[in-house]
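Let me begin by presenting the structure, written as structure tokens, before commenting on it.
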Amino acid sequence: MSRWIEKNLKWVFPAPAVIFIVVMMAFPILYTAWISLTEWSMSAVTPAKFIGLENYINLLGKDHRFWMSVWRTFYFTGLALVGETLIGLVLAVMLNRDFPGKNLLKTLFLLPMVATPVAIGMVWLLMFEPTIGYLNHFLKSLHLPQSLWLASEGSALASLVLVDIWQWTPMMALIILAGLVSMPSDPFEAAEVDGASAWQTFWHVTLPMLRPTIGMAVILRSIDALKTFDIIYSMTQGGPNYATETLNLYGYNLGFGYFQMGAASSLLMIFFAIVMGVVIFMNWARKGALS
Amino acid sequence: MKGIRRSLAAGLTLVMAAGLVLTGCAGRTEEKPTTTTTPAASDPAKKPFEGVEIRFLASQHPWTDTVKKDIAEFEKQTGMKVNMEVLAEGNLTQKLTVELTAGTGTVDVFMQRPLQEAKQFEKNGWYADLNTFAKDAKKTPAEWDMNDFHKGPIQAETVNGHLVGIPLVTEQQIIYYRKDLFQEKGVKVPTTMAELEEAAKKLNDPSKDFYGIVMRGQGNPAVTQFSSFLYSMGGDFVKDGKFTMDSPEALKAFKIYGDLLGKYGPPGVLNMHWQQASALMAQGKAAMWVDANSLYLNVTAPDKSTVGDKIGFAQFPAGDKGSAPYSITSWGLSIAKSSKKQDAAWEFVKWASSKEMVLKTQAAGNPSARASAWNNPEGTKSWPKEWVEVAKKSGEIGKPSDRPLVINVGKARDLIGEIITAAIGQKDIAAIAKDRNVKLNELLAEENK
């Protein structure tokens with residue numbers, strides 16, 4: 001036995017991890033794929049009925065709400081990513097200098113990331129409240145026009161993006177900062193000797209060298225942003241009038257609001273494919289940019 | 001050689017995985033016997049349920065707050081242990097759905113909204129039929145008295161001849177209004193729809209952040225509060241087996257609801273459930289709030305409201321066809337079919353819905369479904385007099401449902417809610433109502449297939 005283990009060591013050691021992945025990930029995905037081909041209301045007495053690709057055909061072909069939620073998912077992710085990357089870059093460059101209290105500031109930066117999403121949602125919900133909330137109070141005191149924030153179909157999704165940016169920019173900043181800190185100093189010395197201005201150094205030396213780091217940060221963040229659920233659910237539940245219903249929220253509604261487990265599962269399979277597609281595309285774009 | 005190794009590895013993985021799964025299961029089956037329902041053999045007469053643990057999933061509700069205080073007493077009497085978990089109503093449905101689908105007997109007793117969930121849950125086979133307990137003289141003493149419950153609520157809790165729950169809380173839609181402001185401005189307390197709109201208009205003062213009326217504006221939750229408008233205008237959700245959300249009566253009702261909130265309601269009303277609406281009322285930012293009377297503590301209790309002593313209660317105003325508020329059973333108590341401790345669970349349900357407990361919960365502000373609690377002066381003593389009168393009258397004339405009685409209530413509510421939000425947005429609703437009505441009928445046809 002021990003000889004056998006010795007001989008197959010390279011299989012035995014990773015086995016627990018492999019088993020974990022099979023049990024905790026592969027099985028749920030395959031099970032979801034199976035349910036997506038059925039019609040099932042989670043009933044204990046009426047079993048799931050196999051209906052082939054009907055759920056997919058209904059979603060992709062006839063469901064306006066589905067396509068709107070696809071659009072919103074990308075809108076939310078795109079807007080949040082642009083904001084988080086740009087602000088994160090600026091913050092990282094600022095934090096890359098030495099000044100008193102720098103470490104304290106870096107720690108404070110982490111707070112939005114470590115706070116509980118639902119608590120964040122509750123706090124922002126109060127701040128966004130049009131009549132008694134702080135944001136409108138603030139705008140009013142500056143004599144600026146007020147907004148309905150989450151309560152209007154036009155501004156609700158953008159308001160949620162604002163919360164996402166607030167929550168996740170620190171993570172982008174910290175990853176980019178790590179990239180800045182680990183850079184070699186020679187190229188900067190060479191640029192200085194050649195008489196490059198600060199802006200030129202940033203644009204032609206820092207940024208190109210940072211690209212792999214930023215690329216990785218963007219990929220990580222986009223996967224997460226696509227799947228955002230917690231803050232949206234705690235603040236709008238997809239409303240008003242579906243204006244913030246992303247794919248994840250729609251899937252939830254189909255499953256737990258309408259008891260259409262089959263349709264919800266097929267939506268999640270499509271969602272899964274979309275996230276995979278985005279990751280593959282971004283990876284490919286990143287590699288292309290590197291070579 | 002490589003191929004063999006690979007398949008060997010795959011096989012090994014599978015075996016180990018199976019091992020994990022099996023041991024997992026074994027662990028669970030071993031646990032079961034220790035917690036089964038068998039009454040303790042030693043002294044059955046005294047504490048029949050000594051050592052039995054039941055899990056009770058409850059909704060956040062004033063009823064729950066009242067009962068929670070007395071559970072320790074119940075545990076002492078029976079020797080039972082009640083593990084209670086309190087969740088917001090949306091989360092409760094979700095948690096129930098997941099756990100009851102798994103069917104592993106993790107839930108014993110749960111609170112449920114009969115009009116919202118009973119048909120679906122019954123279809124899914126999640127309810128134990130309580131008739132088998134309530135009608136069994138050995139399990140239920142005569143003094144518990146099934147006939148003491150009002151007929152409507154029992155009907156609401158009966159699906160396909162099965163009693164799926166015991167009604168706990170009933171409610172009617174009423175008008176909450178600011179007595180002081182109505183008097184100050186000489187406005188009459190509305191008794192008709194026209195007067196309601198008139199009052200909202202007169203008291204509306206947006207420049208001072210004060211609004212004429214506040215109600216639910218989120219589409220799905222608004223449907224139940226819209227129902228009384230619909231009934232009072234002579235409409236109904238379904239007539240002769242077809243949805244009628246595009247009928248002239250329905251369109252009128254949509255228009256009134258939409259105009260009230262669109263013209264005299266607060267900004268951001270589209271994101272309001274009753275929590276937000278009552279908060280505005282409680283902070284003195286609105287002159288009227290139209291919602292369920294069971295929520296009155298949210299605007300009258302001194303710790304929640306700055307205007308608690310100035311709130312008046314009035315009957316739902318009359319439309320074209322008189323005043324027809326809903327009068328419904330909002331919460332009931334059920335036992336899960338998958339529960340392995342149904343006898344213990346029934347002991348708890350029986351206690352929580354007993355005459356004594358119902359009198360207690362009603363006295364604490366939860367309108368009940370038991371005649372004895374209503375007839376006992378103790379049961380209404382702590383309530384505002386005006387409130388009791390309005391509740392009694394509304395109960396007499398009320399309609400027994402506040403939403404379409406289909407299986408997929410969630411989806412139907414979403415579709416009707418879309419018409420309501422369009423009306424609040426002051427859009428032309430005729431086309432939208434027609435389109436959604438077609439979709440509602442498709443839904444209905446599918447269910448009747």
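Order determines the names: the first chain of the structure tokens is A, the second B, and so forth; residues in each chain are numbered 1 upward, and ligands are numbered 1 upward as they are shown.
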Could you give me, as a Markdown table, every chain B residue with an atom at most 8 Å from chain A, plus its closest atom pair and distance in Å to one decimal, counting only C-alpha atoms, rows ordered by chain then number?
```
| residue | atom | partner | partner_atom | distance |
| --- | --- | --- | --- | --- |
| B:Ala9 | CA | A:Trp11 | CA | 6.3 |
| B:Thr13 | CA | A:Ala15 | CA | 6.1 |
| B:Leu14 | CA | A:Ile19 | CA | 7.6 |
| B:Met16 | CA | A:Ile19 | CA | 7.2 |
| B:Ala17 | CA | A:Ile19 | CA | 5.5 |
| B:Thr93 | CA | A:Phe256 | CA | 7.8 |
| B:Gln94 | CA | A:Phe256 | CA | 6.0 |
| B:Thr97 | CA | A:Phe256 | CA | 7.4 |
| B:Thr101 | CA | A:Met42 | CA | 5.9 |
| B:Gly103 | CA | A:Ala44 | CA | 7.7 |
| B:Lys123 | CA | A:Ser43 | CA | 6.8 |
| B:Asn124 | CA | A:Ser43 | CA | 3.7 |
| B:Gly125 | CA | A:Ala44 | CA | 5.6 |
| B:Trp126 | CA | A:Ala44 | CA | 7.2 |
| B:Asp209 | CA | A:Thr131 | CA | 6.9 |
| B:Gln218 | CA | A:Pro240 | CA | 6.5 |
| B:Gly219 | CA | A:Asn241 | CA | 6.8 |
| B:Pro266 | CA | A:Thr131 | CA | 7.5 |
| B:Pro267 | CA | A:Pro130 | CA | 6.4 |
| B:Gly268 | CA | A:Ala151 | CA | 4.2 |
| B:Val269 | CA | A:Ala151 | CA | 6.7 |
| B:Leu270 | CA | A:Ala151 | CA | 5.6 |
| B:Asn271 | CA | A:Ala151 | CA | 5.0 |
| B:Asn408 | CA | A:Tyr258 | CA | 6.0 |
| B:Val409 | CA | A:Tyr258 | CA | 7.6 |
| B:Gly410 | CA | A:Gly257 | CA | 5.4 |
| B:Lys411 | CA | A:Tyr258 | CA | 5.6 |
| B:Glu418 | CA | A:Asn241 | CA | 6.6 |
| B:Thr421 | CA | A:Asn241 | CA | 6.9 |
```
9 Å contact set for segment 100-106 of chain A, only C-alpha atoms, chain neighbours under 4 positions out, as a list in words:
Leu95, Leu110, Pro170 and Leu174 of chain A
So which bits of segment 54-205 of chain B end up alpha helix (DSSP H) when you DSSP the backbone, as JSON, numbers by chain?
{"B": [62, 63, 64, 65, 66, 67, 68, 69, 70, 71, 72, 73, 74, 75, 76, 77, 78, 89, 90, 91, 92, 93, 94, 95, 96, 97, 98, 99, 100, 101, 102, 114, 115, 116, 117, 118, 119, 120, 121, 122, 123, 131, 132, 133, 134, 151, 152, 153, 154, 155, 156, 179, 180, 181, 182, 183, 184, 193, 194, 195, 196, 197, 198, 199, 200, 201, 202, 203]}
Please provide as a compact mmCIF listing (two decimals) with C-alpha atoms, in the first residue's frame all residues within 10 Å of segment 32-38 of chain A, with the sequence filter that same-chain residues fewer than 6 positions apart are discarded (counting only C-alpha atoms).
```
# COMPACT_ATOMS: atom_id res chain seq x y z
CA ALA A 26 -18.30 20.62 -11.06
CA PRO A 47 -40.75 15.90 -10.75
CA ALA A 48 -38.83 18.06 -13.17
CA LYS A 49 -40.10 17.71 -16.74
CA PHE A 50 -37.54 17.48 -19.53
CA ILE A 51 -38.23 20.12 -22.17
CA GLY A 52 -34.95 20.27 -24.06
CA LEU A 53 -33.74 23.71 -25.06
CA GLU A 54 -37.10 25.44 -24.60
CA ASN A 55 -35.90 27.55 -21.67
CA TYR A 56 -32.98 28.81 -23.73
CA GLN A 260 -39.21 28.79 -12.43
CA MET A 261 -36.10 26.83 -11.56
CA GLY A 262 -35.55 25.58 -15.11
CA ALA A 263 -35.60 29.06 -16.62
CA ALA A 264 -33.44 30.41 -13.81
CA SER A 265 -30.89 27.65 -14.36
CA SER A 266 -30.70 28.23 -18.09
CA LEU A 267 -30.19 31.94 -17.42
CA LEU A 268 -27.36 31.07 -15.07
CA MET A 269 -25.76 28.80 -17.66
CA ILE A 270 -25.84 31.64 -20.19
```
Need to verify the contact set: segment 167-182 of chain B, 8 Å, only C-alpha atoms, exclusion of same-chain residues closer than 4 positions in sequence. Can you return it as a ChimeraX atom specification?
/B:63,153-154,157,186-189,203,225,228,287-294,310-316,325-333,353,358,366-369,390-391,394-395,398
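Using only C-alpha atoms, the residues found no farther than 12 Å from segment 199-204 of chain A, other than those of its own chain fewer than 2 positions away, are Leu89, Val90, Val93, Leu180, Pro187, Phe188, Glu189, Ala190, Ala191, Glu192, Val193, Asp194, Gly195, Ala196, Ser197, Thr206, Leu207, Pro208, Met209, Leu210 and Arg211 of chain A.
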Shortest interatomic distance to Val349 of chain B - which of B:Ser207, B:Gln120, B:Ser334, B:Thr78, counting only C-alpha atoms
B:Ser334
Could you work out how far atom CA of Tyr75 of chain A lies from atom CA of Met171 of chain A, giving the answer in Å with one decimal?
20.5 Å
I'd like the contact shell of Thr116 of chain A - 10 Å cut-off, only C-alpha atoms, skipping same-chain residues fewer than 5 positions apart - returned as a ChimeraX atom specification.
/A:111,121,230-231
